[in-house]
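A.B. asks: protein22.pdb (PDB, C-alpha atoms) pasted underneath:
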MODEL        1
ATOM      1  CA  MET A   1       0.000   0.000   0.000
ATOM      2  CA  VAL A   2       1.360   3.422  -0.938
ATOM      3  CA  ARG A   3       1.898   5.454   2.199
ATOM      4  CA  TYR A   4       1.453   8.924   0.796
ATOM      5  CA  ASP A   5      -0.028  10.909  -2.055
ATOM      6  CA  ASN A   6       2.708  11.372  -4.671
ATOM      7  CA  SER A   7       0.517  12.776  -7.439
ATOM      8  CA  LEU A   8       2.027  15.911  -8.963
ATOM      9  CA  SER A   9       0.366  19.263  -9.673
ATOM     10  CA  ALA A  10       1.660  22.354 -11.445
ATOM     11  CA  THR A  11       2.950  25.255  -9.382
ATOM     12  CA  THR A  12       5.187  28.324  -9.723
ATOM     13  CA  VAL A  13       8.598  29.221  -8.359
ATOM     14  CA  VAL A  14       7.991  32.319  -6.229
ATOM     15  CA  ALA A  15      11.601  33.155  -5.379
ATOM     16  CA  THR A  16      15.087  31.711  -4.984
ATOM     17  CA  ARG A  17      17.998  32.818  -2.804
ATOM     18  CA  PRO A  18      21.488  31.408  -2.217
ATOM     19  CA  LEU A  19      22.185  30.118   1.275
ATOM     20  CA  THR A  20      25.786  29.004   0.651
ATOM     21  CA  ASP A  21      28.022  28.601  -2.393
ATOM     22  CA  HIS A  22      26.299  25.282  -3.150
ATOM     23  CA  ILE A  23      22.851  25.504  -1.521
ATOM     24  CA  VAL A  24      19.850  27.460  -2.762
ATOM     25  CA  GLU A  25      16.508  28.025  -1.060
ATOM     26  CA  ILE A  26      13.491  27.800  -3.376
ATOM     27  CA  GLU A  27      10.056  29.127  -2.422
ATOM     28  CA  LEU A  28       7.122  27.578  -4.268
ATOM     29  CA  ALA A  29       3.482  28.535  -4.521
ATOM     30  CA  ALA A  30       1.177  26.040  -2.807
ATOM     31  CA  PRO A  31      -0.041  23.345  -5.230
ATOM     32  CA  GLY A  32      -3.572  23.559  -3.816
ATOM     33  CA  PRO A  33      -5.682  24.486  -0.780
ATOM     34  CA  GLY A  34      -5.961  22.579   2.469
ATOM     35  CA  TYR A  35      -2.364  21.430   2.823
ATOM     36  CA  ARG A  36      -0.408  21.351   6.085
ATOM     37  CA  VAL A  37       3.301  21.887   6.575
ATOM     38  CA  GLU A  38       4.545  19.935   9.583
ATOM     39  CA  PRO A  39       8.107  19.388  10.879
ATOM     40  CA  GLY A  40       9.718  16.598   8.871
ATOM     41  CA  SER A  41       7.440  17.010   5.838
ATOM     42  CA  HIS A  42       8.704  16.735   2.275
ATOM     43  CA  ILE A  43       7.444  17.263  -1.249
ATOM     44  CA  ASP A  44       8.177  15.362  -4.435
ATOM     45  CA  VAL A  45       9.310  17.505  -7.364
ATOM     46  CA  GLY A  46       9.329  16.663 -11.059
ATOM     47  CA  VAL A  47      12.788  17.305 -12.524
ATOM     48  CA  THR A  48      14.173  17.032 -16.039
ATOM     49  CA  VAL A  49      17.401  15.034 -16.309
ATOM     50  CA  GLY A  50      18.931  14.158 -19.674
ATOM     51  CA  GLY A  51      15.621  14.813 -21.406
ATOM     52  CA  ARG A  52      13.777  12.457 -19.022
ATOM     53  CA  THR A  53      11.229  13.473 -16.405
ATOM     54  CA  GLU A  54      12.084  12.037 -12.989
ATOM     55  CA  THR A  55      11.030  12.701  -9.397
ATOM     56  CA  ARG A  56      13.110  13.892  -6.463
ATOM     57  CA  SER A  57      12.104  14.394  -2.822
ATOM     58  CA  TYR A  58      13.041  17.514  -0.846
ATOM     59  CA  SER A  59      12.360  18.268   2.811
ATOM     60  CA  LEU A  60      10.429  21.422   3.621
ATOM     61  CA  VAL A  61      12.233  24.106   5.593
ATOM     62  CA  SER A  62       9.162  26.230   6.261
ATOM     63  CA  ARG A  63       9.134  27.905   9.678
ATOM     64  CA  PRO A  64       6.580  26.912  12.356
ATOM     65  CA  GLY A  65       3.165  28.300  11.414
ATOM     66  CA  GLU A  66       4.311  29.280   7.928
ATOM     67  CA  HIS A  67       2.298  28.028   4.950
ATOM     68  CA  ALA A  68       4.858  28.844   2.266
ATOM     69  CA  LEU A  69       6.556  25.854   0.650
ATOM     70  CA  ARG A  70      10.302  26.317   1.018
ATOM     71  CA  ILE A  71      12.987  23.774   0.172
ATOM     72  CA  ALA A  72      16.773  24.000   0.300
ATOM     73  CA  VAL A  73      18.711  22.101  -2.376
ATOM     74  CA  LYS A  74      22.431  21.388  -2.441
ATOM     75  CA  ARG A  75      24.092  21.042  -5.807
ATOM     76  CA  HIS A  76      25.974  17.744  -5.645
ATOM     77  CA  PRO A  77      28.772  17.154  -8.173
ATOM     78  CA  ASP A  78      28.095  13.404  -7.907
ATOM     79  CA  SER A  79      24.300  13.634  -8.016
ATOM     80  CA  ARG A  80      22.054  12.053 -10.655
ATOM     81  CA  GLY A  81      21.229  15.475 -12.147
ATOM     82  CA  GLY A  82      18.230  16.561 -10.101
ATOM     83  CA  SER A  83      20.109  19.141  -8.040
ATOM     84  CA  ALA A  84      21.528  20.782 -11.184
ATOM     85  CA  TYR A  85      17.997  21.142 -12.547
ATOM     86  CA  MET A  86      16.736  22.632  -9.286
ATOM     87  CA  HIS A  87      19.591  25.151  -9.232
ATOM     88  CA  SER A  88      18.619  26.281 -12.739
ATOM     89  CA  LEU A  89      15.140  27.385 -11.593
ATOM     90  CA  ARG A  90      14.227  31.061 -11.473
ATOM     91  CA  SER A  91      11.281  33.082 -10.208
ATOM     92  CA  GLY A  92       8.235  32.506 -12.421
ATOM     93  CA  ASP A  93       9.274  29.059 -13.678
ATOM     94  CA  ARG A  94       6.559  26.407 -13.744
ATOM     95  CA  ILE A  95       7.237  22.968 -12.257
ATOM     96  CA  VAL A  96       5.187  20.093 -10.831
ATOM     97  CA  VAL A  97       5.189  19.103  -7.172
ATOM     98  CA  SER A  98       3.250  16.892  -4.785
ATOM     99  CA  ARG A  99       1.366  18.007  -1.709
ATOM    100  CA  PRO A 100       3.390  17.835   1.528
ATOM    101  CA  ASN A 101       3.760  14.338   2.965
ATOM    102  CA  ASN A 102       5.419  13.318   6.204
ATOM    103  CA  LEU A 103       7.369  10.075   6.656
ATOM    104  CA  PHE A 104       9.630  11.649   9.308
ATOM    105  CA  PRO A 105       7.218  13.214  11.815
ATOM    106  CA  LEU A 106       8.201  14.909  15.056
ATOM    107  CA  ASP A 107       6.937  13.112  18.164
ATOM    108  CA  HIS A 108       5.855  15.820  20.609
ATOM    109  CA  THR A 109       5.390  13.459  23.581
ATOM    110  CA  ARG A 110       8.997  12.892  24.705
ATOM    111  CA  GLY A 111      10.939  14.662  27.409
ATOM    112  CA  GLU A 112      14.330  14.826  25.692
ATOM    113  CA  TYR A 113      15.506  14.981  22.083
ATOM    114  CA  LEU A 114      18.825  14.816  20.276
ATOM    115  CA  LEU A 115      18.809  16.010  16.658
ATOM    116  CA  VAL A 116      21.879  15.241  14.529
ATOM    117  CA  ALA A 117      22.229  16.809  11.068
ATOM    118  CA  GLY A 118      25.005  16.074   8.595
ATOM    119  CA  GLY A 119      25.378  18.808   5.957
ATOM    120  CA  ILE A 120      22.226  19.249   3.879
ATOM    121  CA  GLY A 121      20.598  16.777   6.287
ATOM    122  CA  ILE A 122      19.678  19.897   8.249
ATOM    123  CA  THR A 123      16.603  20.390   6.058
ATOM    124  CA  PRO A 124      14.067  18.164   7.897
ATOM    125  CA  LEU A 125      15.609  18.973  11.290
ATOM    126  CA  PHE A 126      15.514  22.751  10.785
ATOM    127  CA  SER A 127      11.769  23.099  11.388
ATOM    128  CA  MET A 128      11.895  20.419  14.101
ATOM    129  CA  ALA A 129      14.478  22.406  16.060
ATOM    130  CA  LEU A 130      12.537  25.671  15.746
ATOM    131  CA  THR A 131       9.317  23.921  16.792
ATOM    132  CA  LEU A 132      10.960  22.328  19.834
ATOM    133  CA  ALA A 133      12.484  25.689  20.768
ATOM    134  CA  GLU A 134       9.070  27.370  20.605
ATOM    135  CA  GLY A 135       7.744  24.699  22.975
ATOM    136  CA  ASP A 136      10.733  25.105  25.316
ATOM    137  CA  ALA A 137      11.552  21.398  24.954
ATOM    138  CA  ASP A 138      14.681  19.717  26.305
ATOM    139  CA  PHE A 139      16.766  19.173  23.176
ATOM    140  CA  ARG A 140      20.060  19.702  21.391
ATOM    141  CA  LEU A 141      20.767  20.078  17.693
ATOM    142  CA  VAL A 142      24.192  18.836  16.616
ATOM    143  CA  TYR A 143      25.090  20.229  13.182
ATOM    144  CA  LEU A 144      28.009  18.594  11.336
ATOM    145  CA  GLY A 145      29.843  19.979   8.315
ATOM    146  CA  ARG A 146      33.214  20.757   6.853
ATOM    147  CA  ARG A 147      33.230  24.548   7.218
ATOM    148  CA  ARG A 148      30.779  26.968   8.812
ATOM    149  CA  ALA A 149      30.339  28.633   5.411
ATOM    150  CA  ASP A 150      28.949  25.317   4.117
ATOM    151  CA  LEU A 151      26.153  25.150   6.717
ATOM    152  CA  ALA A 152      22.750  26.403   5.567
ATOM    153  CA  TYR A 153      20.732  28.368   8.152
ATOM    154  CA  VAL A 154      23.517  28.177  10.740
ATOM    155  CA  ASP A 155      23.237  31.864  11.671
ATOM    156  CA  GLU A 156      19.447  31.726  11.991
ATOM    157  CA  LEU A 157      19.708  28.584  14.128
ATOM    158  CA  THR A 158      22.397  30.146  16.315
ATOM    159  CA  GLU A 159      20.142  33.111  17.017
ATOM    160  CA  ALA A 160      17.049  30.975  17.665
ATOM    161  CA  LEU A 161      18.623  28.128  19.657
ATOM    162  CA  GLY A 162      21.586  29.624  21.496
ATOM    163  CA  ASP A 163      23.587  26.955  23.333
ATOM    164  CA  ARG A 164      21.117  24.256  22.270
ATOM    165  CA  LEU A 165      22.930  24.309  18.915
ATOM    166  CA  VAL A 166      26.315  22.546  18.779
ATOM    167  CA  VAL A 167      28.364  22.839  15.574
ATOM    168  CA  HIS A 168      31.212  20.444  14.711
ATOM    169  CA  LEU A 169      33.463  21.355  11.771
ATOM    170  CA  SER A 170      35.669  18.672  10.251
ATOM    171  CA  ALA A 171      37.975  21.280   8.666
ATOM    172  CA  THR A 172      39.149  22.235  12.155
ATOM    173  CA  GLY A 173      39.466  18.638  13.348
ATOM    174  CA  GLU A 174      36.211  18.527  15.303
ATOM    175  CA  ARG A 175      34.312  15.252  15.357
ATOM    176  CA  PHE A 176      31.046  14.273  16.962
ATOM    177  CA  ASP A 177      30.893  10.743  18.377
ATOM    178  CA  VAL A 178      27.295   9.627  17.941
ATOM    179  CA  THR A 179      27.737   6.778  20.430
ATOM    180  CA  VAL A 180      28.837   9.202  23.160
ATOM    181  CA  GLY A 181      25.857  11.428  22.368
ATOM    182  CA  ILE A 182      23.528   8.443  22.727
ATOM    183  CA  ASP A 183      25.080   7.424  26.051
ATOM    184  CA  GLU A 184      24.343  10.897  27.450
ATOM    185  CA  LEU A 185      20.606  10.663  26.715
ATOM    186  CA  SER A 186      17.915   9.785  29.220
ATOM    187  CA  PRO A 187      16.318   6.319  28.795
ATOM    188  CA  ASP A 188      13.154   7.561  27.038
ATOM    189  CA  ALA A 189      14.829  10.165  24.792
ATOM    190  CA  LEU A 190      14.376  10.310  21.022
ATOM    191  CA  LEU A 191      17.212  10.579  18.495
ATOM    192  CA  TYR A 192      16.510  12.116  15.081
ATOM    193  CA  VAL A 193      19.263  11.844  12.464
ATOM    194  CA  CYS A 194      19.488  13.014   8.862
ATOM    195  CA  GLY A 195      22.599  13.037   6.704
ATOM    196  CA  PRO A 196      24.933  10.881   4.633
ATOM    197  CA  ILE A 197      24.635   7.109   4.795
ATOM    198  CA  GLY A 198      27.794   6.810   6.920
ATOM    199  CA  LEU A 199      26.269   8.986   9.637
ATOM    200  CA  ILE A 200      23.034   6.985   9.550
ATOM    201  CA  ASP A 201      24.946   3.705   9.822
ATOM    202  CA  GLU A 202      26.964   5.018  12.769
ATOM    203  CA  ALA A 203      23.786   6.089  14.567
ATOM    204  CA  ARG A 204      22.072   2.753  13.912
ATOM    205  CA  ARG A 205      25.010   0.772  15.284
ATOM    206  CA  GLY A 206      25.379   3.032  18.306
ATOM    207  CA  TRP A 207      21.674   2.868  19.083
ATOM    208  CA  ALA A 208      21.565  -0.930  18.747
ATOM    209  CA  GLY A 209      24.629  -1.243  20.958
ATOM    210  CA  SER A 210      23.006   0.896  23.660
ATOM    211  CA  GLY A 211      20.112  -1.547  24.035
ATOM    212  CA  ARG A 212      17.537   1.208  23.647
ATOM    213  CA  ALA A 213      14.114   0.705  22.097
ATOM    214  CA  PRO A 214      14.545   0.666  18.276
ATOM    215  CA  GLY A 215      11.454   2.840  17.771
ATOM    216  CA  ARG A 216      13.086   5.786  19.548
ATOM    217  CA  LEU A 217      15.681   6.182  16.798
ATOM    218  CA  ARG A 218      14.265   8.054  13.801
ATOM    219  CA  TYR A 219      16.329   8.721  10.682
ATOM    220  CA  GLU A 220      16.075   9.937   7.125
ATOM    221  CA  THR A 221      18.659   9.870   4.384
ATOM    222  CA  PHE A 222      18.896  10.969   0.772
ATOM    223  CA  GLY A 223      19.379   8.656  -2.206
ATOM    224  CA  SER A 224      22.391  10.560  -3.557
ATOM    225  CA  SER A 225      24.387   9.585  -0.479
ATOM    226  CA  GLY A 226      26.583   6.557  -1.114
ATOM    227  CA  HIS A 227      29.965   5.156  -0.260
ATOM    228  CA  ARG A 228      31.124   5.592  -3.866
ATOM    229  CA  PRO A 229      30.413   8.256  -6.520
ATOM    230  CA  PRO A 230      27.682   7.192  -8.972
ATOM    231  CA  GLU A 231      28.957   5.761 -12.243
ATOM    232  CA  ARG A 232      27.599   3.818 -15.187
ATOM    233  CA  PHE A 233      27.042   0.096 -14.558
ATOM    234  CA  THR A 234      25.198  -2.876 -16.026
ATOM    235  CA  VAL A 235      22.869  -5.517 -14.640
ATOM    236  CA  ARG A 236      21.649  -8.705 -16.258
ATOM    237  CA  LEU A 237      18.364 -10.424 -15.456
ATOM    238  CA  ARG A 238      18.642 -14.066 -14.476
ATOM    239  CA  ASP A 239      17.188 -16.616 -16.905
ATOM    240  CA  HIS A 240      16.843 -13.963 -19.613
ATOM    241  CA  ASP A 241      19.134 -12.686 -22.301
ATOM    242  CA  ARG A 242      18.518  -9.158 -21.101
ATOM    243  CA  GLU A 243      21.119  -6.591 -20.057
ATOM    244  CA  VAL A 244      20.217  -3.190 -18.650
ATOM    245  CA  VAL A 245      22.657  -0.278 -18.663
ATOM    246  CA  VAL A 246      22.236   2.126 -15.739
ATOM    247  CA  GLU A 247      23.591   5.603 -16.387
ATOM    248  CA  ALA A 248      25.308   7.591 -13.642
ATOM    249  CA  SER A 249      22.434  10.085 -13.770
ATOM    250  CA  GLU A 250      19.618   7.554 -13.169
ATOM    251  CA  SER A 251      18.597   5.053 -10.532
ATOM    252  CA  LEU A 252      18.636   1.308 -11.068
ATOM    253  CA  LEU A 253      14.871   1.312 -10.526
ATOM    254  CA  ALA A 254      14.365   3.900 -13.275
ATOM    255  CA  ALA A 255      16.639   1.982 -15.672
ATOM    256  CA  LEU A 256      14.764  -1.279 -15.092
ATOM    257  CA  ARG A 257      11.447   0.419 -15.745
ATOM    258  CA  ARG A 258      12.869   2.125 -18.837
ATOM    259  CA  ALA A 259      13.767  -1.362 -20.080
ATOM    260  CA  GLY A 260      10.189  -2.547 -19.524
ATOM    261  CA  VAL A 261      10.849  -4.421 -16.274
ATOM    262  CA  ASP A 262       8.118  -3.671 -13.754
ATOM    263  CA  VAL A 263       9.395  -3.410 -10.167
ATOM    264  CA  ALA A 264       7.156  -2.561  -7.207
ATOM    265  CA  SER A 265       8.173   0.456  -5.117
ATOM    266  CA  ASP A 266       6.768   2.938  -2.625
ATOM    267  CA  CYS A 267       8.982   5.482  -0.872
ATOM    268  CA  GLU A 268      11.825   5.406  -3.458
ATOM    269  CA  ARG A 269      14.074   6.750  -0.684
ATOM    270  CA  GLY A 270      15.613   3.465   0.483
ATOM    271  CA  GLU A 271      13.438   3.218   3.566
ATOM    272  CA  CYS A 272      10.528   0.816   2.966
ATOM    273  CA  GLY A 273      12.185  -2.176   1.248
ATOM    274  CA  LEU A 274       9.363  -2.757  -1.249
ATOM    275  CA  CYS A 275      11.765  -2.574  -4.221
ATOM    276  CA  LEU A 276      14.115  -5.212  -2.757
ATOM    277  CA  LEU A 277      15.494  -7.586  -5.414
ATOM    278  CA  ASP A 278      17.672 -10.693  -5.163
ATOM    279  CA  VAL A 279      21.301 -10.385  -6.241
ATOM    280  CA  VAL A 280      22.364 -13.638  -7.906
ATOM    281  CA  GLU A 281      25.918 -12.612  -8.712
ATOM    282  CA  VAL A 282      28.007  -9.464  -8.445
ATOM    283  CA  ASP A 283      31.280  -8.627 -10.180
ATOM    284  CA  GLY A 284      32.509  -5.691  -8.127
ATOM    285  CA  GLU A 285      30.769  -4.011  -5.199
ATOM    286  CA  LEU A 286      27.241  -3.212  -4.082
ATOM    287  CA  ASP A 287      26.929   0.403  -2.955
ATOM    288  CA  HIS A 288      24.047   0.107  -0.492
ATOM    289  CA  ARG A 289      22.421   3.525  -0.047
ATOM    290  CA  ASP A 290      19.290   2.405   1.799
ATOM    291  CA  VAL A 291      18.433   2.406   5.498
ATOM    292  CA  PHE A 292      16.248  -0.698   5.249
ATOM    293  CA  LEU A 293      18.762  -3.555   5.167
ATOM    294  CA  SER A 294      20.688  -4.720   8.218
ATOM    295  CA  ASP A 295      24.479  -4.911   8.252
ATOM    296  CA  ARG A 296      24.187  -8.700   7.961
ATOM    297  CA  GLN A 297      21.972  -8.455   4.878
ATOM    298  CA  ARG A 298      24.328  -5.987   3.228
ATOM    299  CA  ALA A 299      27.334  -8.195   3.920
ATOM    300  CA  SER A 300      25.561 -11.177   2.345
ATOM    301  CA  ARG A 301      25.612  -9.466  -1.090
ATOM    302  CA  THR A 302      22.367 -11.272  -1.945
ATOM    303  CA  VAL A 303      19.787  -8.436  -1.926
ATOM    304  CA  MET A 304      19.617  -4.725  -2.729
ATOM    305  CA  CYS A 305      17.073  -1.882  -2.701
ATOM    306  CA  VAL A 306      17.103  -0.848  -6.345
ATOM    307  CA  CYS A 307      15.477   2.558  -5.794
ATOM    308  CA  VAL A 308      18.673   4.077  -4.370
ATOM    309  CA  SER A 309      21.462   1.477  -4.218
ATOM    310  CA  ARG A 310      23.959   1.014  -7.035
ATOM    311  CA  VAL A 311      26.597  -1.368  -8.355
ATOM    312  CA  VAL A 312      30.261  -0.624  -8.891
ATOM    313  CA  GLY A 313      30.910  -3.038 -11.749
ATOM    314  CA  SER A 314      28.119  -5.376 -12.842
ATOM    315  CA  ALA A 315      25.579  -7.746 -11.309
ATOM    316  CA  VAL A 316      23.005 -10.404 -12.119
ATOM    317  CA  LEU A 317      19.586  -9.801 -10.560
ATOM    318  CA  ASP A 318      16.399 -11.818 -10.224
ATOM    319  CA  ALA A 319      13.640  -9.261 -10.805
ATOM    320  CA  LEU A 320      10.966 -11.976 -11.136
ATOM    321  CA  TYR A 321      10.660 -10.579 -14.648
ATOM    322  CA  ARG A 322       8.978 -12.920 -17.114
ATOM    323  CA  PRO A 323       8.237 -11.606 -20.622
ATOM    324  CA  ASP A 324       4.679 -12.011 -21.823
ATOM    325  CA  GLU A 325       4.219 -15.151 -23.910
ATOM    326  CA  ALA A 326       2.181 -15.218 -27.059
ATOM    327  CA  VAL A 327      -1.254 -16.716 -26.612
ATOM    328  CA  VAL A 328      -1.724 -19.690 -28.956
TER     329      VAL A 328
ENDMDL
END
Show the structure stored in the file as structure tokens.

C.D. replies:
Amino acid sequence: MVRYDNSLSATTVVATRPLTDHIVEIELAAPGPGYRVEPGSHIDVGVTVGGRTETRSYSLVSRPGEHALRIAVKRHPDSRGGSAYMHSLRSGDRIVVSRPNNLFPLDHTRGEYLLVAGGIGITPLFSMALTLAEGDADFRLVYLGRRRADLAYVDELTEALGDRLVVHLSATGERFDVTVGIDELSPDALLYVCGPIGLIDEARRGWAGSGRAPGRLRYETFGSSGHRPPERFTVRLRDHDREVVVEASESLLAALRRAGVDVASDCERGECGLCLLDVVEVDGELDHRDVFLSDRQRASRTVMCVCVSRVVGSAVLDALYRPDEAVV
């Protein structure tokens, strides 16, 4: 069952403004009446990449009580092309977007919160932090990046949060140990994490090692985050003389569908596991970019979430694909 409404409607770019050298904020007109913007919400946006229309998800950075749709997009040199398209937008341009959906909601019932953002992972946590500050909640926001100049909204967050904001900059040798941060939390605290896959993996391992309830760790990642830069690769379908070439600018899921292979999916963010396929053989490496598989499943090299994960080299998959046979 699809968990959210991903139908797209036309809307207009109201304004854009640079936040850093590589991040731009884009304000969009609402795609229709009756929508709600809640902390953790996102919208899907139709983008044009290599002449193809694809969909990307972006977290909303609207302030508490604000009804404007604002997103912040980082231009990634190793992205699949969506961020370049978004950075080309100007005021008055027409694009298609979904209504706001929320797969990363803020739980308002806890006594203590730790929010950890890695780089552009600040986007869903930005409105969460401002909302918690308005409610005078017990929380900290840890913001990780290379340089302060790379951190979107850092000045606004500093003014709004004061000492509840902690910034760690790798360029000056600062490092945040997620496990230590977890150990300092009260037993019923919640941890929200958004950032690169390495940060998510570190938080998952630290949380599991602490023996805390799994449901009190909440995380969100982005499909462009992998252990290796995206590059062209090929997959072959078992039992069929069928090879599919996956370009660096497209997902494996999109390439399979382009080749006429129907694969079920839902979130297309590496979170739900619906697009999981069996890996029969791999010549090279699997670059797992999902947050669905366990470390044991990843190490087995027998399954992958094709919506976000990639191959470095080539692989043979079982997509349960069976061509239609002629009716005699």

A.B. asks: Give me the residues within 8 Å of A:Gly313 as a VMD selection string, counting all atoms listed in the file and dropping any in the same chain fewer than 5 places off.

C.D. replies: chain A and resid 233 to 234 282 to 285

A.B. asks: Atom CA of A:Asp278 to atom CA of A:Met304: how many Å, to one decimal?

C.D. replies: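 Atom-to-atom, atom CA of A:Asp278 and atom CA of A:Met304 are spaced 6.7 Å apart.
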
A.B. asks: Could you give me, as number ranges by chain, the residues within 7 Å of A:Ser59, counting only C-alpha atoms and dropping anything in the same chain fewer than 6 positions from it?

C.D. replies: A: 40-43, 71, 123-124

A.B. asks: Choose the residue, out of A:Val45, A:Val97, A:Leu199, A:Leu69, that has the smallest atom-to-atom separation from A:Gly119; count all atoms listed in the file.

C.D. replies: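 Nearest candidate to A:Gly119 out of A:Val45, A:Val97, A:Leu199, A:Leu69: A:Leu199.
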
A.B. asks: Expand the PyMOL selection byres ((chain A and resi 133) around 12) into the explicit residue set it covers here, and present it as JSON, numbers by chain.

C.D. replies: {"A": [63, 64, 108, 113, 126, 127, 128, 129, 130, 131, 132, 134, 135, 136, 137, 138, 139, 140, 141, 157, 158, 159, 160, 161, 162, 163, 164, 165]}

A.B. asks: Go through A:Glu38, A:His288, A:Thr172, A:Glu250 one by one, measure the shortest atom-to-atom distance of each to A:Gly51 using only C-alpha atoms, and give the residue with the smallest value.

C.D. replies: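 Closest to A:Gly51 of all the choices is A:Glu250.
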
A.B. asks: Edge lengths and centre in Å to one decimal, as JSON, of the axis-aligned box that encloses all listed atoms of stretch 271-287 of chain A with 4 Å added on every side?

C.D. replies:
{"center_x": 20.9, "center_y": -5.2, "center_z": -3.3, "size_x": 31.1, "size_y": 24.9, "size_z": 21.7}

A.B. asks: Which is closest to A:Leu276 among A:Tyr153, A:Phe292, A:Tyr85, A:Tyr35, if we use only C-alpha atoms?

C.D. replies: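 Answer, going by the shortest atom-to-atom distance: A:Phe292.
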
A.B. asks: In Å, how far is it from atom CA of A:Arg146 to atom CA of A:Arg269?

C.D. replies: 24.9 Å

A.B. asks: Considering all atoms listed in the file, return as a list in words whatever protein or nucleic-acid residues lie within 6 Å of stretch 235-246 of chain A, sequence-local ones (same chain, fewer than 3 positions apart) excluded.

C.D. replies: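 Returned residues: Arg232, Leu252, Ala255, Ser314, Ala315, Val316, Leu317 and Asp318 of chain A.
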
A.B. asks: Work out how far apart atom CA of A:Val37 and atom CA of A:Ala72 are and give it in Å to one decimal.

C.D. replies: 15.0 Å

A.B. asks: With only C-alpha atoms as the counted atoms, please give the residues lying no more than 9 Å from A:Val263, apart from itself and same-chain residues fewer than 2 positions off, as JSON, numbers by chain.

C.D. replies: {"A": [253, 256, 257, 261, 265, 274, 275, 276, 277, 306, 319, 320, 321]}

A.B. asks: Can you sort out stretch 58-70 of chain A so it carries N, CA and C atoms, written as an mmCIF file, keeping the file's coordinate frame?

C.D. replies:
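out.cif, written as the output of this step:
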data_model
loop_
_atom_site.group_PDB
_atom_site.id
_atom_site.type_symbol
_atom_site.label_atom_id
_atom_site.label_comp_id
_atom_site.auth_asym_id
_atom_site.auth_seq_id
_atom_site.Cartn_x
_atom_site.Cartn_y
_atom_site.Cartn_z
ATOM 1 N N TYR A 58 12.326 16.474 -1.580
ATOM 2 C CA TYR A 58 13.041 17.514 -0.846
ATOM 3 C C TYR A 58 12.270 17.859 0.425
ATOM 4 N N SER A 59 12.985 17.906 1.546
ATOM 5 C CA SER A 59 12.360 18.268 2.811
ATOM 6 C C SER A 59 11.977 19.737 2.815
ATOM 7 N N LEU A 60 10.890 20.043 3.501
ATOM 8 C CA LEU A 60 10.429 21.422 3.621
ATOM 9 C C LEU A 60 11.147 22.108 4.782
ATOM 10 N N VAL A 61 11.558 23.331 4.553
ATOM 11 C CA VAL A 61 12.233 24.106 5.593
ATOM 12 C C VAL A 61 11.372 25.304 6.002
ATOM 13 N N SER A 62 10.075 25.164 5.842
ATOM 14 C CA SER A 62 9.162 26.230 6.261
ATOM 15 C C SER A 62 9.216 26.390 7.780
ATOM 16 N N ARG A 63 9.093 27.625 8.245
ATOM 17 C CA ARG A 63 9.134 27.905 9.678
ATOM 18 C C ARG A 63 7.820 27.491 10.333
ATOM 19 N N PRO A 64 7.824 27.275 11.664
ATOM 20 C CA PRO A 64 6.580 26.912 12.356
ATOM 21 C C PRO A 64 5.475 27.933 12.091
ATOM 22 N N GLY A 65 4.306 27.441 11.688
ATOM 23 C CA GLY A 65 3.165 28.300 11.414
ATOM 24 C C GLY A 65 3.158 28.911 10.039
ATOM 25 N N GLU A 66 4.218 28.708 9.260
ATOM 26 C CA GLU A 66 4.311 29.280 7.928
ATOM 27 C C GLU A 66 3.691 28.331 6.901
ATOM 28 N N HIS A 67 2.943 28.867 5.958
ATOM 29 C CA HIS A 67 2.298 28.028 4.950
ATOM 30 C C HIS A 67 3.036 28.040 3.615
ATOM 31 N N ALA A 68 4.064 28.846 3.501
ATOM 32 C CA ALA A 68 4.858 28.844 2.266
ATOM 33 C C ALA A 68 5.606 27.523 2.143
ATOM 34 N N LEU A 69 5.779 27.056 0.906
ATOM 35 C CA LEU A 69 6.556 25.854 0.650
ATOM 36 C C LEU A 69 7.986 26.265 0.319
ATOM 37 N N ARG A 70 8.893 25.979 1.235
ATOM 38 C CA ARG A 70 10.302 26.317 1.018
ATOM 39 C C ARG A 70 11.130 25.035 1.080
#
